[in-house]
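S.K.: Please find one structure pasted underneath; my questions will follow.
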Amino acid sequence: MGGTAEGSTSRPLDERLSVYLEVVGLLVRMEGRAGEEEIKAVVEQASRAGFRSRVIAGGRGCSVVLVGAGDIQAARAIEFMPAVESVTELFSPFKLSSRETKPDDSVVGVGGVEIGGSAVALIAGPCAVESREQITEAALAVKAAGAHILRGGAYKPRTSPYSFQGLAEKGLELLAEAGRIAGMPVVTEVVSPADVAAVARYSNMLQIGARNMQNFALLVAAGETGLPVLLKRGPSATIEEWLMAAEYLLLTGNDSVVLCERGIRTFESYTRNTLDLGAVALVRLLSHLPVVVDPSHGSGKWRLVTPLARAAVAVGANGIMVEVHPEPQKARSDGYQSLTPAEFAELVQQLGDQGRSAGCRKS
Ligand code: PEP
Ligand code: MN
């Protein structure tokens, strides 16, 4: 037999494993009756065999995923352990985010709001926090229009070092205050491992920006806070690279990962980025993680934001992240792709008319 994984699911476990000399992923399905002791025993055996493991809840019982280049023979002993239903090999390179591991959709809670499931989560707010008045006005306006989570950057990753870089910790304070006033959880970007602790003090969710998608030290530091993480797709990242970046977060033990498609770099120059809605539909099939779409960065043009948001919802996005500014023409960043509060209210209305409820279940 050849060394490829395809079509080999019916082969016995030992034969299939023998073709893998490097990293393997094994899915240990536990019986519904499995208790803590039995799960712990599997995790310990995995560790003795040289594998990292993660316990995944979902479906009837839980599963334990083993990943690594450990001792296959030692791992095989797990098949005969109490309350173990089956041990199968995981073929996707992304092990923890794959639907092979967890067939049902993950739902991520962000300060009482859920992303995933049947409702569309609406994240809105300015590109950057600019002043107390600006962020408070934006927060109250997007909340009134039906948004669930407030966004606003305090640390801005700008192409030019001469552009506005954000208000840093002062921006975090103002964002958190505006969220409290409007009664909404907040999400904001963290650009450096050194800032993770400060951002985590003020924010309900950490955003990993597109330029940092493969900043692995940042991913690990963000994952380790235990806060939900919004992982933007890199401007030139393949779908597989995006999901592999999500693995870094999941491997820290943090299950609250939300993916965000925000457009990729192509030959097209009439739009800032090319919003890859095909990737959204595909990732919804490949992964159990919720996917949010950002049509603001995905187009760079305010006129395209509403039609692209509608299209995103139509292909199965679990949420939309939109830049909204009280006065887009005065914005210190990304004004040309920002909606006014009235335009955002119209967008929410249109999503509602489209049949997918814009109302988000509260956890
Ligand atoms: C942002 O959300 O304001 C931002 C900088 O996004 P991205 O990382 O997708 O460019
Ligand atoms: Mn922006």
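Residues are referred to by chain and number: the chain letter is A, B, ... according to the order shown in the structure tokens, the number counts from 1 in that chain, and ligands are numbered separately from 1 in the order shown.
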Compile the contact shell of stretch 235-242 of chain A as a list in words: residues with an atom at most 7 Å away, counting only C-alpha atoms, same-chain residues fewer than 5 positions apart removed.
M.R.: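 Answer for this query is Ala210, Gly263, Ile264, Arg265 and Ala279 of chain A.
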S.K.: Find the spatial neighbours of A:Gly171, counting only C-alpha atoms, within a cut-off of 10 Å - ignore same-chain residues fewer than 6 positions away - and output them as JSON, numbers by chain.
M.R.: {"A": [128, 129, 130, 131, 132, 135, 152, 153, 154, 155, 177, 188, 202]}
S.K.: Neighbouring residues of ligand 2 are defined here as those with any atom at most 10 Å from a ligand atom, counting only C-alpha atoms and all ligand atoms; list them as number ranges by chain.
M.R.: A: 125-128, 152-153, 156-158, 209, 294, 296-297, 300, 322-324, 332-338
S.K.: Do a neighbour search on A:Glu327 at 9 Å with only C-alpha atoms, toss out local chain neighbours closer than 2 positions, and write the hits as a PyMOL selection string.
M.R.: chain A and resi 134+324-325+329-331+335+338-341
S.K.: Put those residues in a file: C-alpha atoms, as a PDB file, in the first residue's frame.
M.R.:
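Saved the output as out_19.pdb:
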ATOM      1  CA  GLN A 134     -16.069  58.691  20.133  1.00  0.00           C
ATOM      2  CA  VAL A 324     -18.749  51.615  12.631  1.00  0.00           C
ATOM      3  CA  HIS A 325     -17.712  55.201  13.404  1.00  0.00           C
ATOM      4  CA  GLN A 329     -14.946  61.081   7.517  1.00  0.00           C
ATOM      5  CA  LYS A 330     -13.115  62.108  10.707  1.00  0.00           C
ATOM      6  CA  ALA A 331     -11.856  58.621  11.656  1.00  0.00           C
ATOM      7  CA  GLY A 335     -12.855  55.690   7.842  1.00  0.00           C
ATOM      8  CA  SER A 338     -16.535  52.339   8.208  1.00  0.00           C
ATOM      9  CA  LEU A 339     -20.320  52.560   8.323  1.00  0.00           C
ATOM     10  CA  THR A 340     -22.217  55.328  10.075  1.00  0.00           C
ATOM     11  CA  PRO A 341     -24.470  54.163  12.916  1.00  0.00           C
TER      12      PRO A 341
END
S.K.: Which residues are near A:Lys232? Cut-off 8 Å, only C-alpha atoms, ignore same chain within fewer than 4 positions. Put them as a list in words.
M.R.: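 Near neighbours after the sequence-gap exclusion: Gln207, Ile208, Gly209, Ala210, Met213, Leu259, Cys260, Glu261 and Arg262 of chain A.
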S.K.: May I have the residues within 10 Å of A:Gly58 as a list of chain:residue names, using only C-alpha atoms and disregarding those fewer than 5 positions away in the same chain?
M.R.: A:Ser63, A:Thr101, A:Lys102, A:Pro103, A:Asp104, A:Asp105, A:Ser106
S.K.: Quick one: of A:Ala145, A:Leu249, A:Val292, A:Ala309, who's nearest to ligand 1, counting only C-alpha atoms and all ligand atoms?
M.R.: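 Closest residue, counting only C-alpha atoms and all ligand atoms: A:Val292.
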S.K.: From the list A:Val23, A:Val120, A:Ala217, A:Val108, which residue is nearest A:Val293 when using only C-alpha atoms?
M.R.: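 Closest to A:Val293, using only C-alpha atoms: A:Val120.
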S.K.: Atom CA of A:Ala311 and atom CA of A:Pro290, how far apart in Å?
M.R.: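 Taking atom CA of A:Pro290 as the start and atom CA of A:Ala311 as the end point, the length is 16.5 Å.
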S.K.: Which neighbours of A:Gly109 fall inside 12 Å, counting only C-alpha atoms, when residues of the same chain fewer than 5 positions from it are skipped, and could you give them as a tab-separated table (two decimals) with N, CA and C atoms, in the first residue's frame?
M.R.:
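around30.tsv, written as the output of this step:
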chain	number	residue	atom	x	y	z
A	114	GLU	N	-23.14	34.43	22.85
A	114	GLU	CA	-22.63	33.21	22.22
A	114	GLU	C	-22.32	33.43	20.74
A	115	ILE	N	-21.17	32.91	20.32
A	115	ILE	CA	-20.84	32.90	18.89
A	115	ILE	C	-20.81	31.44	18.46
A	116	GLY	N	-21.59	31.11	17.43
A	116	GLY	CA	-21.76	29.71	17.01
A	116	GLY	C	-23.23	29.39	17.15
A	117	GLY	N	-23.61	28.18	16.81
A	117	GLY	CA	-25.02	27.84	16.90
A	117	GLY	C	-25.82	28.50	15.80
A	121	ALA	N	-23.89	36.38	15.33
A	121	ALA	CA	-23.36	37.34	16.32
A	121	ALA	C	-22.90	38.60	15.58
A	148	HIS	N	-24.02	42.91	19.42
A	148	HIS	CA	-23.86	42.14	20.67
A	148	HIS	C	-22.51	42.37	21.35
A	149	ILE	N	-21.49	42.62	20.54
A	149	ILE	CA	-20.13	42.78	21.09
A	149	ILE	C	-19.53	44.06	20.49
A	185	PRO	N	-20.08	43.11	26.02
A	185	PRO	CA	-18.69	42.66	26.11
A	185	PRO	C	-17.86	43.30	25.00
A	204	ASN	N	-13.02	41.24	27.00
A	204	ASN	CA	-13.68	39.93	27.15
A	204	ASN	C	-13.19	38.93	26.13
A	205	MET	N	-12.55	39.43	25.06
A	205	MET	CA	-12.07	38.55	23.99
A	205	MET	C	-10.82	39.19	23.39
A	226	GLY	N	-6.90	31.93	28.67
A	226	GLY	CA	-8.20	31.27	28.83
A	226	GLY	C	-9.35	32.11	28.30
A	227	LEU	N	-9.07	33.35	27.89
A	227	LEU	CA	-10.14	34.19	27.32
A	227	LEU	C	-10.44	33.73	25.90
A	228	PRO	N	-11.67	33.97	25.42
A	228	PRO	CA	-11.94	33.65	24.01
A	228	PRO	C	-11.02	34.45	23.09
A	229	VAL	N	-10.63	33.83	21.99
A	229	VAL	CA	-9.71	34.47	21.05
A	229	VAL	C	-10.35	34.51	19.66
A	230	LEU	N	-10.28	35.69	19.03
A	230	LEU	CA	-10.74	35.87	17.65
A	230	LEU	C	-9.50	35.85	16.77
A	255	ASP	N	-10.49	26.32	24.62
A	255	ASP	CA	-11.44	25.84	23.60
A	255	ASP	C	-12.18	26.97	22.91
A	256	SER	N	-12.01	28.20	23.43
A	256	SER	CA	-12.85	29.31	22.95
A	256	SER	C	-12.16	30.06	21.81
A	257	VAL	N	-12.15	29.42	20.67
A	257	VAL	CA	-11.47	30.02	19.51
A	257	VAL	C	-12.51	30.29	18.42
A	258	VAL	N	-12.49	31.52	17.90
A	258	VAL	CA	-13.37	31.92	16.80
A	258	VAL	C	-12.48	32.36	15.64
A	290	PRO	N	-16.46	28.27	15.30
A	290	PRO	CA	-17.29	29.30	14.67
A	290	PRO	C	-16.44	30.20	13.75
A	360	CYS	N	-28.94	37.23	19.24
A	360	CYS	CA	-27.94	36.26	19.67
A	360	CYS	C	-28.38	35.70	21.00
A	361	ARG	N	-28.35	34.37	21.11
A	361	ARG	CA	-28.74	33.76	22.38
A	361	ARG	C	-27.77	34.16	23.48
A	362	LYS	N	-28.29	34.35	24.63
A	362	LYS	CA	-27.43	34.66	25.78
A	362	LYS	C	-27.13	33.36	26.49
A	363	SER	N	-25.89	33.21	26.94
A	363	SER	CA	-25.56	31.95	27.62
A	363	SER	C	-25.98	32.02	29.08
